[in-house]
file data_8.tsv (TSV, C-alpha atoms)
chain	number	residue	atom	x	y	z
W	471	MET	CA	18.32	14.40	-32.91
W	472	ALA	CA	19.51	15.85	-36.19
W	473	GLY	CA	23.22	15.80	-36.86
W	474	THR	CA	24.59	14.27	-33.64
W	475	GLU	CA	24.55	10.99	-31.77
W	476	SER	CA	22.33	10.65	-28.70
W	477	ARG	CA	23.85	11.89	-25.42
W	478	ASP	CA	22.68	10.85	-21.97
W	479	PRO	CA	22.13	14.10	-20.03
W	480	GLU	CA	22.99	12.55	-16.68
W	481	LEU	CA	26.26	11.13	-17.96
W	482	VAL	CA	27.19	14.48	-19.49
W	483	ARG	CA	26.26	16.31	-16.29
W	484	THR	CA	28.33	13.94	-14.16
W	485	MET	CA	31.29	14.07	-16.52
W	486	PHE	CA	31.51	17.86	-16.57
W	487	GLY	CA	30.95	18.08	-12.84
W	488	ALA	CA	33.87	15.70	-12.30
W	489	ILE	CA	36.34	17.79	-14.34
W	490	SER	CA	35.14	21.21	-13.13
W	491	ARG	CA	38.14	21.75	-10.85
W	492	ARG	CA	40.61	21.66	-13.75
W	493	TYR	CA	38.28	22.74	-16.53
W	494	ASP	CA	39.80	26.20	-17.06
W	495	LEU	CA	43.35	24.82	-17.02
W	496	LEU	CA	42.38	22.16	-19.54
W	497	ASN	CA	40.86	24.74	-21.86
W	498	ARG	CA	44.05	26.80	-21.84
W	499	VAL	CA	46.40	23.83	-22.26
W	500	LEU	CA	44.45	21.98	-24.94
W	501	SER	CA	43.76	25.09	-27.04
W	502	LEU	CA	47.28	26.50	-26.56
W	503	GLY	CA	45.64	29.53	-24.97
W	504	GLN	CA	43.48	30.29	-28.00
W	505	ASP	CA	40.18	29.69	-26.17
W	506	VAL	CA	40.53	33.11	-24.48
W	507	ARG	CA	40.75	34.85	-27.83
W	508	TRP	CA	37.86	32.80	-29.25
W	509	ARG	CA	35.56	33.70	-26.37
W	510	ARG	CA	36.50	37.37	-26.56
W	511	ARG	CA	35.62	37.40	-30.26
W	512	ALA	CA	32.31	35.62	-29.60
W	513	ALA	CA	31.43	38.11	-26.85
W	514	ALA	CA	32.06	41.02	-29.21
W	515	GLU	CA	29.91	39.34	-31.86
W	516	ALA	CA	27.10	38.82	-29.34
W	517	VAL	CA	26.82	42.51	-28.44
W	518	ALA	CA	27.48	43.83	-31.94
W	519	GLY	CA	24.69	46.10	-33.07
W	520	LEU	CA	23.23	46.72	-29.62
W	521	PRO	CA	21.77	50.24	-29.46
W	522	PRO	CA	23.23	52.84	-27.07
W	523	PRO	CA	22.42	52.07	-23.42
W	524	VAL	CA	18.80	52.81	-22.58
W	525	SER	CA	18.05	50.01	-20.14
W	526	THR	CA	19.87	46.91	-18.98
W	527	GLU	CA	20.28	44.21	-21.63
W	528	ILE	CA	20.11	40.65	-20.29
W	529	VAL	CA	22.18	38.02	-22.08
W	530	LEU	CA	21.62	34.31	-21.50
W	531	ASP	CA	24.83	32.29	-21.75
W	532	LEU	CA	23.80	28.64	-22.07
W	533	CYS	CA	26.15	25.82	-21.06
W	534	GLY	CA	28.05	28.61	-19.33
W	535	GLY	CA	30.31	26.28	-17.35
W	536	THR	CA	32.82	28.14	-15.19
W	537	GLY	CA	31.71	31.50	-16.54
W	538	ASP	CA	34.51	32.52	-18.91
W	539	LEU	CA	32.23	33.70	-21.72
W	540	ALA	CA	29.88	35.43	-19.26
W	541	VAL	CA	32.85	37.44	-17.95
W	542	GLU	CA	33.89	38.47	-21.46
W	543	ILE	CA	30.33	39.53	-22.35
W	544	ALA	CA	29.96	41.56	-19.15
W	545	ARG	CA	33.24	43.32	-19.89
W	546	CYS	CA	31.96	44.48	-23.29
W	547	ARG	CA	29.46	46.96	-21.85
W	548	SER	CA	28.49	48.11	-18.38
W	549	ASP	CA	24.75	47.99	-19.17
W	550	ILE	CA	24.81	44.21	-19.76
W	551	ARG	CA	23.78	41.57	-17.25
W	552	VAL	CA	24.58	37.92	-17.99
W	553	ILE	CA	22.70	34.84	-16.80
W	554	CYS	CA	25.26	32.02	-16.80
W	555	ALA	CA	23.16	28.86	-17.11
W	556	ASP	CA	24.47	25.32	-16.80
W	557	PHE	CA	23.07	22.02	-15.53
W	558	ALA	CA	26.34	20.87	-13.87
W	559	HIS	CA	26.27	22.32	-10.35
W	560	PRO	CA	30.05	22.08	-9.69
W	561	MET	CA	30.68	24.21	-12.78
W	562	LEU	CA	28.36	26.94	-11.50
W	563	VAL	CA	30.02	26.93	-8.07
W	564	ARG	CA	33.28	27.82	-9.79
W	565	ALA	CA	31.54	30.37	-12.01
W	566	ALA	CA	30.04	32.16	-9.00
W	567	ALA	CA	33.46	32.29	-7.30
W	568	LYS	CA	35.00	33.70	-10.48
W	569	PHE	CA	32.32	36.40	-10.76
W	570	ALA	CA	32.94	37.42	-7.14
W	571	ARG	CA	36.73	37.58	-7.60
W	572	ARG	CA	36.37	39.82	-10.64
W	573	GLY	CA	33.82	42.18	-9.13
W	574	LEU	CA	31.03	40.93	-11.41
W	575	ALA	CA	28.80	39.18	-8.88
W	576	GLY	CA	26.04	41.73	-9.42
W	577	ARG	CA	26.20	41.51	-13.21
W	578	CYS	CA	26.88	37.81	-13.86
W	579	LEU	CA	24.33	35.52	-12.25
W	580	PRO	CA	24.62	31.70	-12.16
W	581	LEU	CA	21.48	29.70	-12.96
W	582	GLU	CA	21.26	25.92	-12.67
W	583	ALA	CA	19.08	24.93	-15.60
W	584	ASP	CA	18.78	22.46	-18.46
W	585	ALA	CA	19.16	24.14	-21.86
W	586	LEU	CA	16.25	22.09	-23.21
W	587	HIS	CA	13.87	23.19	-20.46
W	588	LEU	CA	14.64	26.79	-19.54
W	589	PRO	CA	12.79	28.51	-16.67
W	590	ILE	CA	12.46	31.66	-18.81
W	591	ALA	CA	9.37	33.22	-20.36
W	592	ASP	CA	8.70	33.30	-24.08
W	593	CYS	CA	10.33	36.18	-25.99
W	594	ALA	CA	12.10	37.43	-22.85
W	595	LEU	CA	15.65	37.91	-24.14
W	596	GLY	CA	17.54	39.75	-26.84
W	597	ILE	CA	20.73	37.69	-26.88
W	598	VAL	CA	21.56	34.03	-26.25
W	599	THR	CA	25.09	32.63	-26.43
W	600	VAL	CA	26.47	29.09	-26.28
W	601	ALA	CA	30.22	28.35	-26.14
W	602	PHE	CA	31.38	24.77	-26.69
W	603	GLY	CA	28.15	23.37	-25.32
W	604	ILE	CA	25.68	22.94	-28.14
W	605	ARG	CA	27.40	19.65	-29.08
W	606	ASN	CA	26.26	18.27	-25.73
W	607	PHE	CA	22.53	18.91	-26.21
W	608	SER	CA	20.74	15.59	-25.86
W	609	ASP	CA	18.40	16.78	-28.64
W	610	LEU	CA	19.87	19.48	-30.87
W	611	ASP	CA	16.63	20.30	-32.67
W	612	ALA	CA	14.72	20.66	-29.39
W	613	GLY	CA	17.51	22.81	-27.95
W	614	LEU	CA	17.43	25.18	-30.92
W	615	ARG	CA	13.65	25.50	-30.64
W	616	GLU	CA	13.96	26.27	-26.92
W	617	ILE	CA	16.48	29.03	-27.64
W	618	LEU	CA	14.13	30.41	-30.30
W	619	ARG	CA	11.30	30.39	-27.76
W	620	VAL	CA	13.08	32.57	-25.20
W	621	LEU	CA	14.42	35.05	-27.77
W	622	ARG	CA	12.27	38.01	-28.71
W	623	PRO	CA	11.75	38.81	-32.42
W	624	GLY	CA	14.99	40.21	-33.80
W	625	GLY	CA	16.93	38.53	-30.98
W	626	ARG	CA	20.39	37.19	-31.69
W	627	LEU	CA	21.92	33.74	-31.15
W	628	VAL	CA	25.72	33.40	-31.10
W	629	VAL	CA	27.27	29.93	-30.91
W	630	LEU	CA	31.01	29.36	-30.48
W	631	GLU	CA	31.76	25.76	-31.39
W	632	PHE	CA	34.51	23.49	-32.59
W	633	SER	CA	34.62	22.68	-36.28
W	634	ARG	CA	37.00	20.90	-38.64
W	635	PRO	CA	39.53	22.61	-40.91
W	636	THR	CA	39.03	22.15	-44.65
W	637	ALA	CA	42.64	22.68	-45.85
W	638	PRO	CA	43.89	19.12	-46.54
W	639	LEU	CA	47.24	19.19	-44.69
W	640	PHE	CA	45.93	21.18	-41.73
W	641	SER	CA	42.88	18.92	-41.58
W	642	ARG	CA	45.08	15.81	-41.28
W	643	LEU	CA	47.28	17.39	-38.61
W	644	TYR	CA	44.22	18.51	-36.67
W	645	ALA	CA	42.62	15.07	-36.91
W	646	PHE	CA	45.80	13.50	-35.49
W	647	TYR	CA	45.82	15.98	-32.59
W	648	LEU	CA	42.10	15.58	-31.96
W	649	HIS	CA	42.01	11.78	-31.90
W	650	ARG	CA	45.50	10.81	-30.73
W	651	VAL	CA	46.94	13.65	-28.64
W	652	LEU	CA	44.00	15.50	-27.08
W	653	PRO	CA	42.30	12.50	-25.36
W	654	ARG	CA	45.54	11.34	-23.71
W	655	LEU	CA	46.64	14.82	-22.68
W	656	GLY	CA	43.16	15.76	-21.47
W	657	ASP	CA	42.81	12.63	-19.38
W	658	ARG	CA	46.23	13.15	-17.83
W	659	VAL	CA	45.65	16.80	-16.89
W	660	SER	CA	42.08	16.21	-15.69
W	661	GLY	CA	42.95	13.06	-13.77
W	662	ARG	CA	39.89	11.41	-15.34
W	663	ARG	CA	39.75	8.78	-18.03
W	664	GLY	CA	37.27	9.31	-20.86
W	665	PRO	CA	36.01	12.93	-20.98
W	666	TYR	CA	38.40	14.07	-23.70
W	667	GLY	CA	37.83	11.02	-25.84
W	668	TYR	CA	34.17	12.04	-25.64
W	669	LEU	CA	35.18	15.58	-26.69
W	670	ALA	CA	36.99	14.28	-29.76
W	671	ARG	CA	34.03	12.12	-30.78
W	672	THR	CA	31.49	14.91	-30.41
W	673	ILE	CA	33.62	17.29	-32.48
W	674	ALA	CA	33.94	14.68	-35.22
W	675	ASP	CA	30.18	13.99	-35.13
W	676	PHE	CA	28.99	17.60	-35.03
W	677	PRO	CA	27.39	19.06	-38.16
W	678	GLU	CA	29.57	21.03	-40.56
W	679	PRO	CA	28.91	24.81	-40.48
W	680	ALA	CA	26.66	24.79	-43.54
W	681	MET	CA	24.62	21.93	-42.11
W	682	LEU	CA	24.26	23.70	-38.75
W	683	ALA	CA	23.08	26.82	-40.58
W	684	GLY	CA	20.44	24.67	-42.24
W	685	LEU	CA	19.35	23.24	-38.90
W	686	LEU	CA	19.06	26.76	-37.50
W	687	ARG	CA	16.86	27.79	-40.42
W	688	ASP	CA	14.75	24.64	-40.02
W	689	ALA	CA	14.24	25.52	-36.35
W	690	GLY	CA	12.88	28.94	-37.36
W	691	PHE	CA	15.92	31.21	-37.33
W	692	ALA	CA	16.85	33.61	-40.12
W	693	ALA	CA	20.16	35.03	-41.36
W	694	ALA	CA	22.13	32.00	-40.18
W	695	GLY	CA	25.85	32.26	-40.94
W	696	TRP	CA	29.28	31.54	-39.51
W	697	ILE	CA	32.78	32.97	-39.13
W	698	PRO	CA	35.71	30.49	-39.09
W	699	LEU	CA	38.57	31.17	-36.66
W	700	SER	CA	42.07	29.68	-36.37
W	701	GLY	CA	41.94	28.02	-39.75
W	702	GLY	CA	38.49	26.56	-39.14
W	703	ILE	CA	39.24	24.84	-35.81
W	704	VAL	CA	36.31	26.75	-34.37
W	705	CYS	CA	33.47	28.79	-35.84
W	706	ILE	CA	31.26	31.56	-34.52
W	707	HIS	CA	27.73	30.82	-35.73
W	708	THR	CA	25.12	33.58	-35.70
W	709	ALA	CA	21.38	33.60	-36.32
W	710	ILE	CA	18.44	35.95	-35.81
W	711	LYS	CA	14.91	35.22	-34.66
W	712	GLY	CA	12.63	36.54	-37.37
call {"tool": "encode", "arguments": {"input": "data_8.tsv", "output": "structure tokens"}}
result
Amino acid sequence: MAGTESRDPELVRTMFGAISRRYDLLNRVLSLGQDVRWRRRAAAEAVAGLPPPVSTEIVLDLCGGTGDLAVEIARCRSDIRVICADFAHPMLVRAAAKFARRGLAGRCLPLEADALHLPIADCALGIVTVAFGIRNFSDLDAGLREILRVLRPGGRLVVLEFSRPTAPLFSRLYAFYLHRVLPRLGDRVSGRRGPYGYLARTIADFPEPAMLAGLLRDAGFAAAGWIPLSGGIVCIHTAIKG
């Protein structure tokens, strides 16, 4: 797998299933509430350039977890339907409940599926999104090729993912938070030991934005680029299927 260490899918599935109950709370606490803004920006980027409503546009949100990004995408336009796909069943249970509470059960649909083996036809979709999940692919190259397969020509991929700031002082402060503060705080809030040490390691191991853009191009995408947010803590990566 290019750019990341090997990840055991079953261990990742079990880990995320175990923290699903407090996953949303952890996201808010550990990001100081910024994850809401990041997802909203990614949702707007995903639907940017869509033509006026003619027929329903279906968006696939991979590694959709508890459905936060799916909700933001559905709120962008009433003609959008979102498939929220994840391979951790407890996450999808919470996503389905969230969709029902917010009156989106008919427009946001949970799908239990592995991102590397999607039960979706070739060239079926115009938009695929992934928020904070592409780091967990057991094979990044294979995952990118699978996304390319289900996108139709001209289709858009939008990835919201953690990155690392480049400003020297901010970079040092962020590294201290990531490796010293976040694992301890995450384990305490989640009631589980280990998941947020894993998070810190996968962020540190993940390709820099320019390298990820190169991997996207190698997989067959065109126009790969990125937008840094919050001083480079996260980036929105975009690419088009040629």
call {"tool": "closest_residue", "arguments": {"input": "data_8.tsv", "among": "W:Ser525, W:Asn497, W:Thr672, W:Thr636", "to": "Arg547 in chain W", "atoms": "only C-alpha atoms"}}
result
W:Ser525
call {"tool": "residues_around", "arguments": {"input": "data_8.tsv", "residues": "Gly661 in chain W", "least_positions_apart": "4", "cutoff": "12 Å", "atoms": "all atoms listed in the file", "output": "CSV table (one decimal) with C-alpha atoms, keeping the file's coordinate frame"}}
result
chain,number,residue,atom,x,y,z
W,488,ALA,CA,33.9,15.7,-12.3
W,489,ILE,CA,36.3,17.8,-14.3
W,490,SER,CA,35.1,21.2,-13.1
W,491,ARG,CA,38.1,21.8,-10.8
W,492,ARG,CA,40.6,21.7,-13.8
W,493,TYR,CA,38.3,22.7,-16.5
W,496,LEU,CA,42.4,22.2,-19.5
W,653,PRO,CA,42.3,12.5,-25.4
W,654,ARG,CA,45.5,11.3,-23.7
W,655,LEU,CA,46.6,14.8,-22.7
W,656,GLY,CA,43.2,15.8,-21.5
W,657,ASP,CA,42.8,12.6,-19.4
W,665,PRO,CA,36.0,12.9,-21.0
W,666,TYR,CA,38.4,14.1,-23.7
call {"tool": "residues_around", "arguments": {"input": "data_8.tsv", "residues": "Cys546 in chain W", "least_positions_apart": "4", "cutoff": "10 Å", "atoms": "all atoms listed in the file", "output": "list in words"}}
result
Arg510, Ala513, Ala514, Ala516, Val517, Ala518, Val541, Glu542 and Ile550 of chain W
call {"tool": "atom_distance", "arguments": {"input": "data_8.tsv", "atom1": "CA of Glu527 in chain W", "atom2": "CA of Phe632 in chain W"}}
result
27.4 Å
call {"tool": "residues_around", "arguments": {"input": "data_8.tsv", "residues": "His587 in chain W", "least_positions_apart": "5", "cutoff": "10 Å", "atoms": "all atoms listed in the file", "output": "list in words"}}
result
Ala612, Gly613, Glu616 and Ile617 of chain W
call {"tool": "write_last_selection", "arguments": {"input": "data_8.tsv", "atoms": "C-alpha atoms", "output": "JSON list (two decimals), in the coordinates of the input"}}
result
[["chain", "number", "residue", "atom", "x", "y", "z"],
["W", 612, "ALA", "CA", 14.72, 20.66, -29.39],
["W", 613, "GLY", "CA", 17.51, 22.81, -27.95],
["W", 616, "GLU", "CA", 13.96, 26.27, -26.92],
["W", 617, "ILE", "CA", 16.48, 29.03, -27.64]]
call {"tool": "closest_residue", "arguments": {"input": "data_8.tsv", "among": "W:Cys578, W:Ala512, W:Leu682, W:Val651", "to": "Ala601 in chain W", "atoms": "all atoms listed in the file"}}
result
W:Ala512
call {"tool": "closest_residue", "arguments": {"input": "data_8.tsv", "among": "W:Phe607, W:Gly702, W:Trp696, W:Cys593", "to": "Ser641 in chain W", "atoms": "only C-alpha atoms"}}
result
W:Gly702
call {"tool": "closest_residue", "arguments": {"input": "data_8.tsv", "among": "W:Ala683, W:Val620, W:Cys533, W:Ile553", "to": "Ala585 in chain W", "atoms": "only C-alpha atoms"}}
result
W:Cys533
call {"tool": "residues_near_point", "arguments": {"input": "data_8.tsv", "point": "(30.5, 32.4, -8.1)", "cutoff": "9 Å", "atoms": "only C-alpha atoms", "output": "PyMOL selection string"}}
result
chain W and resi 536-537+562-571+575+578-580
call {"tool": "residues_near_point", "arguments": {"input": "data_8.tsv", "point": "(40.7, 32.6, -27.5)", "cutoff": "12 Å", "atoms": "all atoms listed in the file", "output": "mmCIF file with C-alpha atoms, keeping the file's coordinate frame"}}
result
data_model
loop_
_atom_site.group_PDB
_atom_site.id
_atom_site.type_symbol
_atom_site.label_atom_id
_atom_site.label_comp_id
_atom_site.auth_asym_id
_atom_site.auth_seq_id
_atom_site.Cartn_x
_atom_site.Cartn_y
_atom_site.Cartn_z
ATOM 1 C CA ASN W 497 40.860 24.740 -21.860
ATOM 2 C CA ARG W 498 44.050 26.800 -21.840
ATOM 3 C CA VAL W 499 46.400 23.830 -22.260
ATOM 4 C CA LEU W 500 44.450 21.980 -24.940
ATOM 5 C CA SER W 501 43.760 25.090 -27.040
ATOM 6 C CA LEU W 502 47.280 26.500 -26.560
ATOM 7 C CA GLY W 503 45.640 29.530 -24.970
ATOM 8 C CA GLN W 504 43.480 30.290 -28.000
ATOM 9 C CA ASP W 505 40.180 29.690 -26.170
ATOM 10 C CA VAL W 506 40.530 33.110 -24.480
ATOM 11 C CA ARG W 507 40.750 34.850 -27.830
ATOM 12 C CA TRP W 508 37.860 32.800 -29.250
ATOM 13 C CA ARG W 509 35.560 33.700 -26.370
ATOM 14 C CA ARG W 510 36.500 37.370 -26.560
ATOM 15 C CA ARG W 511 35.620 37.400 -30.260
ATOM 16 C CA ALA W 512 32.310 35.620 -29.600
ATOM 17 C CA ALA W 513 31.430 38.110 -26.850
ATOM 18 C CA ASP W 538 34.510 32.520 -18.910
ATOM 19 C CA LEU W 539 32.230 33.700 -21.720
ATOM 20 C CA GLU W 542 33.890 38.470 -21.460
ATOM 21 C CA ALA W 601 30.220 28.350 -26.140
ATOM 22 C CA LEU W 630 31.010 29.360 -30.480
ATOM 23 C CA GLU W 631 31.760 25.760 -31.390
ATOM 24 C CA LEU W 699 38.570 31.170 -36.660
ATOM 25 C CA SER W 700 42.070 29.680 -36.370
ATOM 26 C CA ILE W 703 39.240 24.840 -35.810
ATOM 27 C CA VAL W 704 36.310 26.750 -34.370
ATOM 28 C CA CYS W 705 33.470 28.790 -35.840
ATOM 29 C CA ILE W 706 31.260 31.560 -34.520
#
call {"tool": "atom_distance", "arguments": {"input": "data_8.tsv", "atom1": "CA of Val628 in chain W", "atom2": "CA of His649 in chain W"}}
result
27.1 Å
call {"tool": "atom_distance", "arguments": {"input": "data_8.tsv", "atom1": "CA of Gly596 in chain W", "atom2": "CA of Gly625 in chain W"}}
result
4.4 Å
call {"tool": "build_atoms", "arguments": {"input": "data_8.tsv", "residues": "range 493-524 of chain W", "atoms": "N, CA and C atoms", "output": "compact mmCIF listing (two decimals), in the coordinates of the input"}}
result
# COMPACT_ATOMS: atom_id res chain seq x y z
N TYR W 493 38.86 22.44 -15.23
CA TYR W 493 38.28 22.74 -16.53
C TYR W 493 38.97 23.93 -17.21
N ASP W 494 39.17 25.02 -16.47
CA ASP W 494 39.80 26.20 -17.06
C ASP W 494 41.23 25.89 -17.50
N LEU W 495 41.98 25.19 -16.66
CA LEU W 495 43.35 24.82 -17.02
C LEU W 495 43.36 23.97 -18.28
N LEU W 496 42.45 23.02 -18.36
CA LEU W 496 42.38 22.16 -19.54
C LEU W 496 42.08 22.96 -20.80
N ASN W 497 41.17 23.91 -20.70
CA ASN W 497 40.86 24.74 -21.86
C ASN W 497 42.09 25.49 -22.36
N ARG W 498 42.86 26.04 -21.43
CA ARG W 498 44.05 26.80 -21.84
C ARG W 498 45.10 25.87 -22.45
N VAL W 499 45.35 24.74 -21.80
CA VAL W 499 46.40 23.83 -22.26
C VAL W 499 46.04 23.23 -23.62
N LEU W 500 44.82 22.72 -23.74
CA LEU W 500 44.45 21.98 -24.94
C LEU W 500 44.23 22.88 -26.15
N SER W 501 43.93 24.15 -25.93
CA SER W 501 43.76 25.09 -27.04
C SER W 501 45.00 25.94 -27.27
N LEU W 502 46.06 25.68 -26.51
CA LEU W 502 47.28 26.50 -26.56
C LEU W 502 46.97 27.97 -26.27
N GLY W 503 46.01 28.18 -25.38
CA GLY W 503 45.64 29.53 -24.97
C GLY W 503 44.69 30.25 -25.91
N GLN W 504 44.31 29.62 -27.01
CA GLN W 504 43.48 30.29 -28.00
C GLN W 504 42.03 30.44 -27.56
N ASP W 505 41.59 29.62 -26.58
CA ASP W 505 40.18 29.69 -26.17
C ASP W 505 39.82 31.07 -25.60
N VAL W 506 40.79 31.76 -25.00
CA VAL W 506 40.53 33.11 -24.48
C VAL W 506 40.18 34.05 -25.63
N ARG W 507 40.99 33.99 -26.67
CA ARG W 507 40.75 34.85 -27.83
C ARG W 507 39.43 34.49 -28.50
N TRP W 508 39.11 33.21 -28.61
CA TRP W 508 37.86 32.80 -29.25
C TRP W 508 36.65 33.33 -28.49
N ARG W 509 36.69 33.21 -27.16
CA ARG W 509 35.56 33.70 -26.37
C ARG W 509 35.42 35.22 -26.46
N ARG W 510 36.55 35.91 -26.46
CA ARG W 510 36.50 37.37 -26.56
C ARG W 510 35.86 37.79 -27.88
N ARG W 511 36.20 37.09 -28.94
CA ARG W 511 35.62 37.40 -30.26
C ARG W 511 34.12 37.09 -30.27
N ALA W 512 33.73 35.97 -29.66
CA ALA W 512 32.31 35.62 -29.60
C ALA W 512 31.53 36.63 -28.78
N ALA W 513 32.10 37.11 -27.69
CA ALA W 513 31.43 38.11 -26.85
C ALA W 513 31.20 39.39 -27.64
N ALA W 514 32.22 39.82 -28.39
CA ALA W 514 32.06 41.02 -29.21
C ALA W 514 30.99 40.83 -30.27
N GLU W 515 30.93 39.64 -30.85
CA GLU W 515 29.91 39.34 -31.86
C GLU W 515 28.51 39.36 -31.24
N ALA W 516 28.40 38.87 -30.00
CA ALA W 516 27.10 38.82 -29.34
C ALA W 516 26.51 40.21 -29.13
N VAL W 517 27.33 41.16 -28.76
CA VAL W 517 26.82 42.51 -28.44
C VAL W 517 26.89 43.45 -29.63
N ALA W 518 27.40 42.98 -30.75
CA ALA W 518 27.48 43.83 -31.94
C ALA W 518 26.09 44.30 -32.35
N GLY W 519 25.96 45.56 -32.61
CA GLY W 519 24.69 46.10 -33.07
C GLY W 519 23.72 46.49 -31.97
N LEU W 520 24.10 46.26 -30.70
CA LEU W 520 23.23 46.72 -29.62
C LEU W 520 23.11 48.24 -29.67
N PRO W 521 21.92 48.79 -29.46
CA PRO W 521 21.77 50.24 -29.46
C PRO W 521 22.47 50.86 -28.25
N PRO W 522 22.65 52.18 -28.25
CA PRO W 522 23.23 52.84 -27.07
C PRO W 522 22.43 52.50 -25.82
N PRO W 523 23.11 52.46 -24.66
CA PRO W 523 22.42 52.07 -23.42
C PRO W 523 21.16 52.89 -23.15
N VAL W 524 20.05 52.19 -22.99
CA VAL W 524 18.80 52.81 -22.58
C VAL W 524 18.33 52.13 -21.30
